[in-house]
Amino acid sequence: MITRFGLWVSSVATQSNFSRGQRFLVSQRRSAVVGVVLCVWEGQGWLQLSPHSVLLLLQHLPGSLQTVATADFDNKPDSLFFSDGQRRIDFVLVYEDESKKMTHKRSDHKKQKRKRQVYESNLINNGLQLEATRSVLDEKLIFVKVHAPWEVLCTYAEVMHIKLPLQPNDLKTRDSAFNWFSRLLRVDENIIKPEQEFFTAPFEKEHLSNFYIQDKDTFFNPATRSRIVHFILSRVEYATKNNVKKFGINKLLDAGIYKAAFPLHDSSFRHPSTDPDCPSERYLLYKEWAHPKNIFKLQPLDFIRRYYGEKIGIYFAWLGFYTNMLTVAAVVGVGCFLYGCLAKDNCTWSQEVCDPNIGGNIIMCPQCDKACTYWNLTITCESSKKLCIFDSFGTLVFAVFMGIWVTLFLEFWKRRQAELEYEWDTVEYLEQEEQIRPEYEAQCTHVIMNEITQQKEHVPYTACGKCMRMTFCTSAVLFWILLIIASVVGVIVYRLSVFLVFSALLSQHITETQAIHKYLTPQTATSVTASVISFIVIMILNIIYEKVAIMITDFELPRTQTDYENSLTTKMFLFQFVNYYSSCFYIAFFKGKFVGYPGNPVYWLGKYRNEECDPGGCLLELTTQLAIIVGGKAIWNNIQEVLLPWVKNLIGRYCAAARSEKIVPRWEHDYHLQPIGKLGLFYEYLEMVIQFGFVTLFVASFPLAPLLAIINNMLEIRLDAWKMTTQFRRIVPQKAQDIGAWQPIMQGIAILAVVTNAMIIAFTSDMIPRLVYYWSFSVPPYGNHSTYTMKGYINNTLSVFNISDFKNESKPSAPQVGNQTTCRYRDFRYPPGHQHQYEHNIYYWHVIAAKLAFIIVMEHVIYFVKFIISYAIPDVSQKTKSKVKREKYLTQKLLHENDLKVVTKSMGKIAGKIFRVDSPFRPKAE
């Protein structure tokens, strides 16, 4: 057993003894260790080691610093290899040379340089190979190229449970009946060849011979190589402070020690690589996927996954599937919209509003105190015509259909996701031990006893500390949600106060005849301006809440990256849900519902009179709000996501135009692209799920929403592909089993959508009151018509108010016209002079009962159909189940049974030898 060792340098002839485990520093470079003889004390005497053994041991001495080899650029712009042309570049680190910085903080520069040197030395000690090259365009920049040798890849592939090919898939597959059609929309297989299917298993070095290895250089594809290297980079130490290890490339990037860290694109997107060893997959992706000409083509998902990893691949798979499913919803929605357009001319209640002999003789009560005047019902003629389009029987059919469609979408996506999980080897990804986040590991200072293993383990906080963190985070989330609600209340107060201004500017007196009043009423002006202000507030709050959600999640300190993303997803969606949908919920379910009547109005905050809806209801206003928010959001997001990176890259290329005659390597081209960001696809998912909410939650008021969503998504797919392929550095490939926390969020939205659409039809639209009138109050005993009809509906649904019953504080300042003694308002109340005057009449209670019955029936019918559909459609198809079973069988056979046969065979030989020897244990012959 080695107890101590000594180190001699021949030129000095001095000896230094070190006790076992003591840290020391060797300042000589590896190439300068000449004449050094290492002697190891074994307890009996000193043993002398060879110089080669000295070099190997110096690599692993705790304090030794390994230096990075340097090389000049070889003027091969498309090369993806070290200067020797053999070792592939798996990752690139970029830093600024401290000696070139023109600042006075020399001590800080030395500290940064020391941390970087320790970090790079530890990378070398972990088996990675590094090569540094100075920038061609900026002499201050140094590019450190990282290569992972075969042994390192094999070791960490086993640590990370990476699944690799065992043998080609030998199951026969049946072609779908629709393959001939989908083949027309697919990418040409001669350009992007389909990947060969393999049965795979988690890699194990001891079973290396059982894996399908034709070429060691291609066994690990570039995405897998980059993922392994990033795993190492995220866990290598660079300093120790107060007995706490500091490690990880992310912290070094945050501290400015490195300026960037990224895997390389394999070529330019404009032309193929000139290097014959480069497959030019980026060029093919741009040409066959990201280019606008491919907007109607299917996406090459396997190729996307191969280049960018499973996490990117499953996002585009989900987005494409969602867009395809929207096609059915859009067709039905357009059909319902056209039905409303055709039925508009036969809309009896709208004709009554526009009829000068009916609507023209109805004088409506003022909708605000003092400033508002009496107004004629005919000024809402145009809005009533538009309302007939959206508030028709087709809306009811479409709302029921969307409740079923959303279930079909989620169930079929589960099947599709199960297929991708198998094909992309993520079936058991989360079942195996997921690696801990470096940020979590760095805070593990407390020791606890694990109840399962009965082993001590380090955690970042105690049970009490965890409880305090959760309490703080929950309180912070609730506080910011209340702040969003406060902003919504502010917009509501704006609506209540500005209505008075528009009422004064846009006179509604019955003698007004200007054409503008047919289109721009005080209600319309208030609704449009409030929607625009609400949209602006939403965009501002989004910027604030993004930072708040990240800060809260960082403080919460989740254990794994999946936990981190799920926690952040939940917080951000809660913020966005309240932020985007609160104004729509207000218009749909609160505006015009608690207004009282002209003689006894309801006030907000004791000052502002509650808003009223148009005589036709608030449905058209809800449609306007949705159109402004959805349209404005799409435009804003495209500007933010596409235009800004393009402008930044354009400025960068313009600044480098003077040096464009120089040949620039691939790693420097990629450095000048935009970073993808720490959260990656989080905002892309969030944008689409918010859109999913608009399409499902409020679709009863806007049947064209799925059509607009399809148009937006078709552009979104290509724009996301374009910016990822051309404007951003290559993202670090990551594994993902599914779309994460977005799946349960969409399931929650699907359940809520049934309730909201039923309530919109019942309480926001005027459909139920019209049906009650048609079937009950148009004929005796309540009506005077001999047959069921909608004639007289407007007069029946407008109650009468005596002008003399106005209170002084709400009495209009404008004088009444002529012999006018009464005005009308939208409600179901008894007229003045009745023994129950201004109380709700029998019509009101019939309508309330019908609304509640409608909600209960619609919800139960749709939920029952949803349950049947969920039960009838299995989450995993039979084809996928067969593949999974076949793969498990092969894994068992190749990786375990073969070993068992070898052991059995060896034991048989040993047993045979034992029995051939004449021993006292050998059985005697009779």
# chains A, B, ... in the order shown; residues from 1 in each chain; ligands from 1
$ residues_around --residues "Val397 (chain A)" --least-positions-apart "2" --cutoff "12 Å" --atoms "only C-alpha atoms" --output "PDB file with all heavy atoms, in the first residue's frame"
ATOM      1  N   ALA A 329     -61.214  21.836 -37.123  1.00  0.00           N
ATOM      2  CA  ALA A 329     -61.938  22.860 -36.376  1.00  0.00           C
ATOM      3  C   ALA A 329     -62.164  24.103 -37.224  1.00  0.00           C
ATOM      4  O   ALA A 329     -63.230  24.731 -37.153  1.00  0.00           O
ATOM      5  CB  ALA A 329     -61.161  23.216 -35.106  1.00  0.00           C
ATOM      6  N   VAL A 332     -65.106  23.537 -39.722  1.00  0.00           N
ATOM      7  CA  VAL A 332     -66.408  23.643 -39.056  1.00  0.00           C
ATOM      8  C   VAL A 332     -66.679  25.090 -38.647  1.00  0.00           C
ATOM      9  O   VAL A 332     -67.805  25.586 -38.781  1.00  0.00           O
ATOM     10  CB  VAL A 332     -66.457  22.711 -37.828  1.00  0.00           C
ATOM     11  CG1 VAL A 332     -67.786  22.841 -37.104  1.00  0.00           C
ATOM     12  CG2 VAL A 332     -66.223  21.273 -38.258  1.00  0.00           C
ATOM     13  N   GLY A 333     -65.653  25.786 -38.158  1.00  0.00           N
ATOM     14  CA  GLY A 333     -65.824  27.179 -37.755  1.00  0.00           C
ATOM     15  C   GLY A 333     -66.205  28.077 -38.903  1.00  0.00           C
ATOM     16  O   GLY A 333     -67.084  28.938 -38.778  1.00  0.00           O
ATOM     17  N   GLY A 335     -67.689  27.091 -41.605  1.00  0.00           N
ATOM     18  CA  GLY A 335     -69.053  26.709 -41.966  1.00  0.00           C
ATOM     19  C   GLY A 335     -70.082  27.401 -41.088  1.00  0.00           C
ATOM     20  O   GLY A 335     -71.109  27.907 -41.576  1.00  0.00           O
ATOM     21  N   CYS A 336     -69.819  27.457 -39.768  1.00  0.00           N
ATOM     22  CA  CYS A 336     -70.741  28.141 -38.851  1.00  0.00           C
ATOM     23  C   CYS A 336     -70.767  29.649 -39.114  1.00  0.00           C
ATOM     24  O   CYS A 336     -71.822  30.284 -39.014  1.00  0.00           O
ATOM     25  CB  CYS A 336     -70.337  27.864 -37.403  1.00  0.00           C
ATOM     26  SG  CYS A 336     -70.545  26.149 -36.902  1.00  0.00           S
ATOM     27  N   PHE A 337     -69.622  30.212 -39.456  1.00  0.00           N
ATOM     28  CA  PHE A 337     -69.572  31.640 -39.770  1.00  0.00           C
ATOM     29  C   PHE A 337     -70.374  31.951 -41.039  1.00  0.00           C
ATOM     30  O   PHE A 337     -71.133  32.931 -41.084  1.00  0.00           O
ATOM     31  CB  PHE A 337     -68.113  32.068 -39.939  1.00  0.00           C
ATOM     32  CG  PHE A 337     -67.945  33.511 -40.340  1.00  0.00           C
ATOM     33  CD1 PHE A 337     -68.100  34.521 -39.412  1.00  0.00           C
ATOM     34  CD2 PHE A 337     -67.640  33.843 -41.663  1.00  0.00           C
ATOM     35  CE1 PHE A 337     -67.945  35.851 -39.788  1.00  0.00           C
ATOM     36  CE2 PHE A 337     -67.492  35.160 -42.039  1.00  0.00           C
ATOM     37  CZ  PHE A 337     -67.641  36.173 -41.102  1.00  0.00           C
ATOM     38  N   TYR A 339     -72.811  30.194 -42.177  1.00  0.00           N
ATOM     39  CA  TYR A 339     -74.219  30.012 -41.827  1.00  0.00           C
ATOM     40  C   TYR A 339     -74.768  31.296 -41.187  1.00  0.00           C
ATOM     41  O   TYR A 339     -75.884  31.732 -41.486  1.00  0.00           O
ATOM     42  CB  TYR A 339     -74.370  28.833 -40.871  1.00  0.00           C
ATOM     43  CG  TYR A 339     -75.758  28.709 -40.276  1.00  0.00           C
ATOM     44  CD1 TYR A 339     -76.791  28.098 -40.984  1.00  0.00           C
ATOM     45  CD2 TYR A 339     -76.032  29.215 -38.999  1.00  0.00           C
ATOM     46  CE1 TYR A 339     -78.062  27.986 -40.441  1.00  0.00           C
ATOM     47  CE2 TYR A 339     -77.296  29.101 -38.437  1.00  0.00           C
ATOM     48  CZ  TYR A 339     -78.310  28.490 -39.170  1.00  0.00           C
ATOM     49  OH  TYR A 339     -79.563  28.393 -38.634  1.00  0.00           O
ATOM     50  N   GLY A 340     -73.958  31.904 -40.287  1.00  0.00           N
ATOM     51  CA  GLY A 340     -74.386  33.156 -39.673  1.00  0.00           C
ATOM     52  C   GLY A 340     -74.531  34.273 -40.671  1.00  0.00           C
ATOM     53  O   GLY A 340     -75.463  35.087 -40.588  1.00  0.00           O
ATOM     54  N   PHE A 390     -72.472  36.173 -35.428  1.00  0.00           N
ATOM     55  CA  PHE A 390     -71.791  35.395 -34.391  1.00  0.00           C
ATOM     56  C   PHE A 390     -72.760  34.784 -33.383  1.00  0.00           C
ATOM     57  O   PHE A 390     -72.446  33.768 -32.770  1.00  0.00           O
ATOM     58  CB  PHE A 390     -70.786  36.292 -33.659  1.00  0.00           C
ATOM     59  CG  PHE A 390     -69.704  36.825 -34.542  1.00  0.00           C
ATOM     60  CD1 PHE A 390     -69.760  38.120 -35.034  1.00  0.00           C
ATOM     61  CD2 PHE A 390     -68.634  36.026 -34.901  1.00  0.00           C
ATOM     62  CE1 PHE A 390     -68.762  38.615 -35.858  1.00  0.00           C
ATOM     63  CE2 PHE A 390     -67.629  36.509 -35.728  1.00  0.00           C
ATOM     64  CZ  PHE A 390     -67.700  37.800 -36.210  1.00  0.00           C
ATOM     65  N   ASP A 391     -73.908  35.408 -33.196  1.00  0.00           N
ATOM     66  CA  ASP A 391     -74.862  34.913 -32.206  1.00  0.00           C
ATOM     67  C   ASP A 391     -76.001  34.185 -32.919  1.00  0.00           C
ATOM     68  O   ASP A 391     -77.137  34.643 -32.959  1.00  0.00           O
ATOM     69  CB  ASP A 391     -75.402  36.081 -31.382  1.00  0.00           C
ATOM     70  CG  ASP A 391     -76.108  35.597 -30.121  1.00  0.00           C
ATOM     71  OD1 ASP A 391     -76.127  34.371 -29.890  1.00  0.00           O
ATOM     72  OD2 ASP A 391     -76.640  36.437 -29.377  1.00  0.00           O
ATOM     73  N   SER A 392     -75.654  33.031 -33.479  1.00  0.00           N
ATOM     74  CA  SER A 392     -76.640  32.257 -34.231  1.00  0.00           C
ATOM     75  C   SER A 392     -76.637  30.814 -33.730  1.00  0.00           C
ATOM     76  O   SER A 392     -75.836  30.441 -32.865  1.00  0.00           O
ATOM     77  CB  SER A 392     -76.328  32.291 -35.728  1.00  0.00           C
ATOM     78  OG  SER A 392     -75.082  31.650 -35.997  1.00  0.00           O
ATOM     79  N   PHE A 393     -77.498  29.996 -34.306  1.00  0.00           N
ATOM     80  CA  PHE A 393     -77.561  28.587 -33.916  1.00  0.00           C
ATOM     81  C   PHE A 393     -76.261  27.866 -34.261  1.00  0.00           C
ATOM     82  O   PHE A 393     -75.870  26.911 -33.581  1.00  0.00           O
ATOM     83  CB  PHE A 393     -78.750  27.912 -34.626  1.00  0.00           C
ATOM     84  CG  PHE A 393     -78.907  26.464 -34.270  1.00  0.00           C
ATOM     85  CD1 PHE A 393     -79.396  26.089 -33.018  1.00  0.00           C
ATOM     86  CD2 PHE A 393     -78.549  25.465 -35.162  1.00  0.00           C
ATOM     87  CE1 PHE A 393     -79.526  24.748 -32.674  1.00  0.00           C
ATOM     88  CE2 PHE A 393     -78.685  24.124 -34.832  1.00  0.00           C
ATOM     89  CZ  PHE A 393     -79.176  23.768 -33.580  1.00  0.00           C
ATOM     90  N   GLY A 394     -75.573  28.330 -35.300  1.00  0.00           N
ATOM     91  CA  GLY A 394     -74.288  27.725 -35.657  1.00  0.00           C
ATOM     92  C   GLY A 394     -73.259  27.852 -34.552  1.00  0.00           C
ATOM     93  O   GLY A 394     -72.386  26.989 -34.390  1.00  0.00           O
ATOM     94  N   THR A 395     -73.354  28.937 -33.750  1.00  0.00           N
ATOM     95  CA  THR A 395     -72.435  29.125 -32.631  1.00  0.00           C
ATOM     96  C   THR A 395     -72.594  28.012 -31.606  1.00  0.00           C
ATOM     97  O   THR A 395     -71.612  27.481 -31.072  1.00  0.00           O
ATOM     98  CB  THR A 395     -72.684  30.484 -31.972  1.00  0.00           C
ATOM     99  OG1 THR A 395     -72.524  31.519 -32.944  1.00  0.00           O
ATOM    100  CG2 THR A 395     -71.716  30.713 -30.831  1.00  0.00           C
ATOM    101  N   ALA A 399     -69.715  25.362 -30.565  1.00  0.00           N
ATOM    102  CA  ALA A 399     -69.241  25.238 -29.183  1.00  0.00           C
ATOM    103  C   ALA A 399     -69.260  23.777 -28.735  1.00  0.00           C
ATOM    104  O   ALA A 399     -68.321  23.301 -28.085  1.00  0.00           O
ATOM    105  CB  ALA A 399     -70.104  26.093 -28.260  1.00  0.00           C
ATOM    106  N   VAL A 400     -70.327  23.047 -29.079  1.00  0.00           N
ATOM    107  CA  VAL A 400     -70.405  21.627 -28.737  1.00  0.00           C
ATOM    108  C   VAL A 400     -69.314  20.851 -29.475  1.00  0.00           C
ATOM    109  O   VAL A 400     -68.639  19.979 -28.902  1.00  0.00           O
ATOM    110  CB  VAL A 400     -71.799  21.068 -29.072  1.00  0.00           C
ATOM    111  CG1 VAL A 400     -71.841  19.560 -28.858  1.00  0.00           C
ATOM    112  CG2 VAL A 400     -72.866  21.752 -28.220  1.00  0.00           C
ATOM    113  N   PHE A 401     -69.142  21.168 -30.743  1.00  0.00           N
ATOM    114  CA  PHE A 401     -68.117  20.477 -31.535  1.00  0.00           C
ATOM    115  C   PHE A 401     -66.723  20.703 -30.944  1.00  0.00           C
ATOM    116  O   PHE A 401     -65.926  19.763 -30.842  1.00  0.00           O
ATOM    117  CB  PHE A 401     -68.155  20.967 -32.981  1.00  0.00           C
ATOM    118  CG  PHE A 401     -66.963  20.529 -33.787  1.00  0.00           C
ATOM    119  CD1 PHE A 401     -66.904  19.250 -34.314  1.00  0.00           C
ATOM    120  CD2 PHE A 401     -65.896  21.396 -34.007  1.00  0.00           C
ATOM    121  CE1 PHE A 401     -65.798  18.833 -35.040  1.00  0.00           C
ATOM    122  CE2 PHE A 401     -64.795  20.987 -34.728  1.00  0.00           C
ATOM    123  CZ  PHE A 401     -64.744  19.707 -35.257  1.00  0.00           C
ATOM    124  N   MET A 402     -66.405  21.943 -30.535  1.00  0.00           N
ATOM    125  CA  MET A 402     -65.067  22.238 -30.011  1.00  0.00           C
ATOM    126  C   MET A 402     -64.820  21.531 -28.680  1.00  0.00           C
ATOM    127  O   MET A 402     -63.682  21.153 -28.373  1.00  0.00           O
ATOM    128  CB  MET A 402     -64.880  23.750 -29.854  1.00  0.00           C
ATOM    129  CG  MET A 402     -64.701  24.479 -31.169  1.00  0.00           C
ATOM    130  SD  MET A 402     -63.269  23.900 -32.115  1.00  0.00           S
ATOM    131  CE  MET A 402     -61.925  24.428 -31.069  1.00  0.00           C
ATOM    132  N   GLY A 403     -65.885  21.329 -27.887  1.00  0.00           N
ATOM    133  CA  GLY A 403     -65.721  20.566 -26.660  1.00  0.00           C
ATOM    134  C   GLY A 403     -65.299  19.136 -26.931  1.00  0.00           C
ATOM    135  O   GLY A 403     -64.528  18.543 -26.160  1.00  0.00           O
ATOM    136  N   ILE A 404     -65.789  18.574 -28.033  1.00  0.00           N
ATOM    137  CA  ILE A 404     -65.402  17.207 -28.425  1.00  0.00           C
ATOM    138  C   ILE A 404     -64.052  17.219 -29.145  1.00  0.00           C
ATOM    139  O   ILE A 404     -63.215  16.335 -28.948  1.00  0.00           O
ATOM    140  CB  ILE A 404     -66.497  16.593 -29.314  1.00  0.00           C
ATOM    141  CG1 ILE A 404     -67.821  16.508 -28.523  1.00  0.00           C
ATOM    142  CG2 ILE A 404     -66.094  15.217 -29.829  1.00  0.00           C
ATOM    143  CD1 ILE A 404     -69.009  16.098 -29.364  1.00  0.00           C
ATOM    144  N   VAL A 699     -64.274  30.233 -27.864  1.00  0.00           N
ATOM    145  CA  VAL A 699     -64.549  30.003 -29.276  1.00  0.00           C
ATOM    146  C   VAL A 699     -66.020  30.210 -29.608  1.00  0.00           C
ATOM    147  O   VAL A 699     -66.374  30.456 -30.767  1.00  0.00           O
ATOM    148  CB  VAL A 699     -64.084  28.581 -29.667  1.00  0.00           C
ATOM    149  CG1 VAL A 699     -65.057  27.534 -29.134  1.00  0.00           C
ATOM    150  CG2 VAL A 699     -63.903  28.447 -31.167  1.00  0.00           C
ATOM    151  N   ALA A 700     -66.913  30.151 -28.619  1.00  0.00           N
ATOM    152  CA  ALA A 700     -68.344  30.362 -28.876  1.00  0.00           C
ATOM    153  C   ALA A 700     -68.612  31.781 -29.351  1.00  0.00           C
ATOM    154  O   ALA A 700     -69.629  32.026 -30.013  1.00  0.00           O
ATOM    155  CB  ALA A 700     -69.158  30.078 -27.617  1.00  0.00           C
ATOM    156  N   PRO A 703     -66.046  32.055 -33.970  1.00  0.00           N
ATOM    157  CA  PRO A 703     -65.825  30.780 -34.667  1.00  0.00           C
ATOM    158  C   PRO A 703     -64.690  30.814 -35.682  1.00  0.00           C
ATOM    159  O   PRO A 703     -64.258  29.757 -36.145  1.00  0.00           O
ATOM    160  CB  PRO A 703     -67.169  30.518 -35.358  1.00  0.00           C
ATOM    161  CG  PRO A 703     -67.829  31.845 -35.447  1.00  0.00           C
ATOM    162  CD  PRO A 703     -67.373  32.627 -34.257  1.00  0.00           C
ATOM    163  N   ASN A 757     -67.613  27.986 -22.497  1.00  0.00           N
ATOM    164  CA  ASN A 757     -68.428  28.113 -23.706  1.00  0.00           C
ATOM    165  C   ASN A 757     -69.918  27.944 -23.395  1.00  0.00           C
ATOM    166  O   ASN A 757     -70.761  28.629 -23.977  1.00  0.00           O
ATOM    167  CB  ASN A 757     -67.983  27.097 -24.754  1.00  0.00           C
ATOM    168  CG  ASN A 757     -66.700  27.503 -25.451  1.00  0.00           C
ATOM    169  OD1 ASN A 757     -66.625  28.559 -26.067  1.00  0.00           O
ATOM    170  ND2 ASN A 757     -65.675  26.687 -25.344  1.00  0.00           N
ATOM    171  N   ALA A 758     -70.229  27.025 -22.485  1.00  0.00           N
ATOM    172  CA  ALA A 758     -71.633  26.882 -22.084  1.00  0.00           C
ATOM    173  C   ALA A 758     -72.139  28.159 -21.423  1.00  0.00           C
ATOM    174  O   ALA A 758     -73.268  28.612 -21.688  1.00  0.00           O
ATOM    175  CB  ALA A 758     -71.782  25.690 -21.141  1.00  0.00           C
ATOM    176  N   ILE A 761     -72.612  31.043 -24.045  1.00  0.00           N
ATOM    177  CA  ILE A 761     -73.873  30.913 -24.771  1.00  0.00           C
ATOM    178  C   ILE A 761     -75.059  31.250 -23.866  1.00  0.00           C
ATOM    179  O   ILE A 761     -76.028  31.894 -24.283  1.00  0.00           O
ATOM    180  CB  ILE A 761     -74.007  29.491 -25.341  1.00  0.00           C
ATOM    181  CG1 ILE A 761     -72.950  29.255 -26.418  1.00  0.00           C
ATOM    182  CG2 ILE A 761     -75.403  29.256 -25.922  1.00  0.00           C
ATOM    183  CD1 ILE A 761     -72.904  27.839 -26.935  1.00  0.00           C
ATOM    184  N   MET A 858     -75.625  20.771 -21.416  1.00  0.00           N
ATOM    185  CA  MET A 858     -74.485  20.850 -22.342  1.00  0.00           C
ATOM    186  C   MET A 858     -73.220  20.287 -21.706  1.00  0.00           C
ATOM    187  O   MET A 858     -72.481  19.508 -22.333  1.00  0.00           O
ATOM    188  CB  MET A 858     -74.255  22.303 -22.759  1.00  0.00           C
ATOM    189  CG  MET A 858     -73.095  22.478 -23.733  1.00  0.00           C
ATOM    190  SD  MET A 858     -72.920  24.176 -24.306  1.00  0.00           S
ATOM    191  CE  MET A 858     -71.364  24.066 -25.202  1.00  0.00           C
ATOM    192  N   ILE A 862     -71.370  16.835 -23.123  1.00  0.00           N
ATOM    193  CA  ILE A 862     -70.005  16.918 -23.659  1.00  0.00           C
ATOM    194  C   ILE A 862     -69.037  16.115 -22.801  1.00  0.00           C
ATOM    195  O   ILE A 862     -68.182  15.382 -23.322  1.00  0.00           O
ATOM    196  CB  ILE A 862     -69.552  18.389 -23.765  1.00  0.00           C
ATOM    197  CG1 ILE A 862     -70.408  19.129 -24.802  1.00  0.00           C
ATOM    198  CG2 ILE A 862     -68.078  18.465 -24.146  1.00  0.00           C
ATOM    199  CD1 ILE A 862     -70.049  20.580 -24.949  1.00  0.00           C
TER     200      ILE A 862
END
$ select_by_dssp --residues "region 301-496 of chain A" --states "helix (DSSP H, G or I)" --output "JSON, numbers by chain"
{"A": [301, 302, 303, 304, 305, 306, 307, 308, 310, 311, 312, 313, 314, 315, 316, 317, 318, 319, 320, 321, 322, 323, 324, 325, 326, 327, 328, 329, 330, 331, 332, 333, 334, 335, 336, 337, 338, 339, 340, 341, 342, 343, 344, 345, 346, 348, 349, 350, 351, 352, 353, 354, 359, 360, 361, 377, 378, 379, 380, 381, 382, 383, 384, 385, 386, 387, 388, 389, 390, 393, 394, 395, 396, 397, 398, 399, 400, 401, 402, 403, 404, 405, 406, 407, 408, 409, 410, 411, 412, 413, 414, 415, 416, 417, 418, 419, 420, 421, 422, 423, 438, 439, 440, 441, 442, 463, 464, 465, 466, 467, 468, 469, 470, 471, 472, 473, 474, 475, 476, 477, 478, 479, 480, 481, 482, 483, 484, 485, 486, 487, 488, 489, 490, 491, 492, 493, 494, 495, 496]}
$ residues_around --residues "Asn600 (chain A)" --least-positions-apart "6" --cutoff "9 Å" --atoms "only C-alpha atoms" --output "short mmCIF file (atom, residue, chain, number, x, y, z; two decimals) with all heavy atoms, in the first residue's frame"
data_model
loop_
_atom_site.label_atom_id
_atom_site.label_comp_id
_atom_site.auth_asym_id
_atom_site.auth_seq_id
_atom_site.Cartn_x
_atom_site.Cartn_y
_atom_site.Cartn_z
N PHE A 806 -86.49 58.99 -11.98
CA PHE A 806 -85.05 59.19 -11.88
C PHE A 806 -84.69 59.89 -10.57
O PHE A 806 -85.39 60.81 -10.13
CB PHE A 806 -84.54 60.06 -13.05
CG PHE A 806 -84.14 59.28 -14.26
CD1 PHE A 806 -84.79 59.49 -15.47
CD2 PHE A 806 -83.12 58.36 -14.21
CE1 PHE A 806 -84.43 58.78 -16.60
CE2 PHE A 806 -82.75 57.64 -15.33
CZ PHE A 806 -83.41 57.85 -16.53
N LYS A 807 -83.60 59.46 -9.95
CA LYS A 807 -83.07 60.16 -8.79
C LYS A 807 -82.30 61.39 -9.26
O LYS A 807 -81.81 61.45 -10.38
CB LYS A 807 -82.15 59.24 -7.99
CG LYS A 807 -82.87 58.05 -7.37
CD LYS A 807 -81.90 57.18 -6.59
CE LYS A 807 -82.61 55.98 -5.96
NZ LYS A 807 -81.69 55.10 -5.21
N SER A 810 -78.73 60.86 -10.67
CA SER A 810 -78.59 60.12 -11.93
C SER A 810 -79.46 60.67 -13.05
O SER A 810 -79.42 60.17 -14.16
CB SER A 810 -78.92 58.64 -11.70
OG SER A 810 -80.25 58.51 -11.24
#
$ closest_residue --among "A:His109, A:Arg186, A:Arg88, A:Lys311" --to "Phe682 (chain A)" --atoms "only C-alpha atoms"
A:Lys311
$ atom_distance --atom1 "CA of Ile257 (chain A)" --atom2 "CA of Asp108 (chain A)"
10.3 Å
$ closest_residue --among "A:Leu80, A:Ala223, A:Ala69, A:Leu208" --to "Pro276 (chain A)" --atoms "only C-alpha atoms"
A:Leu80
$ residues_around --residues "region 561-569 of chain A" --least-positions-apart "2" --cutoff "8 Å" --atoms "only C-alpha atoms" --output "ChimeraX atom specification"
/A:436-437,549-550,553,557-559,571-573,682,740-742
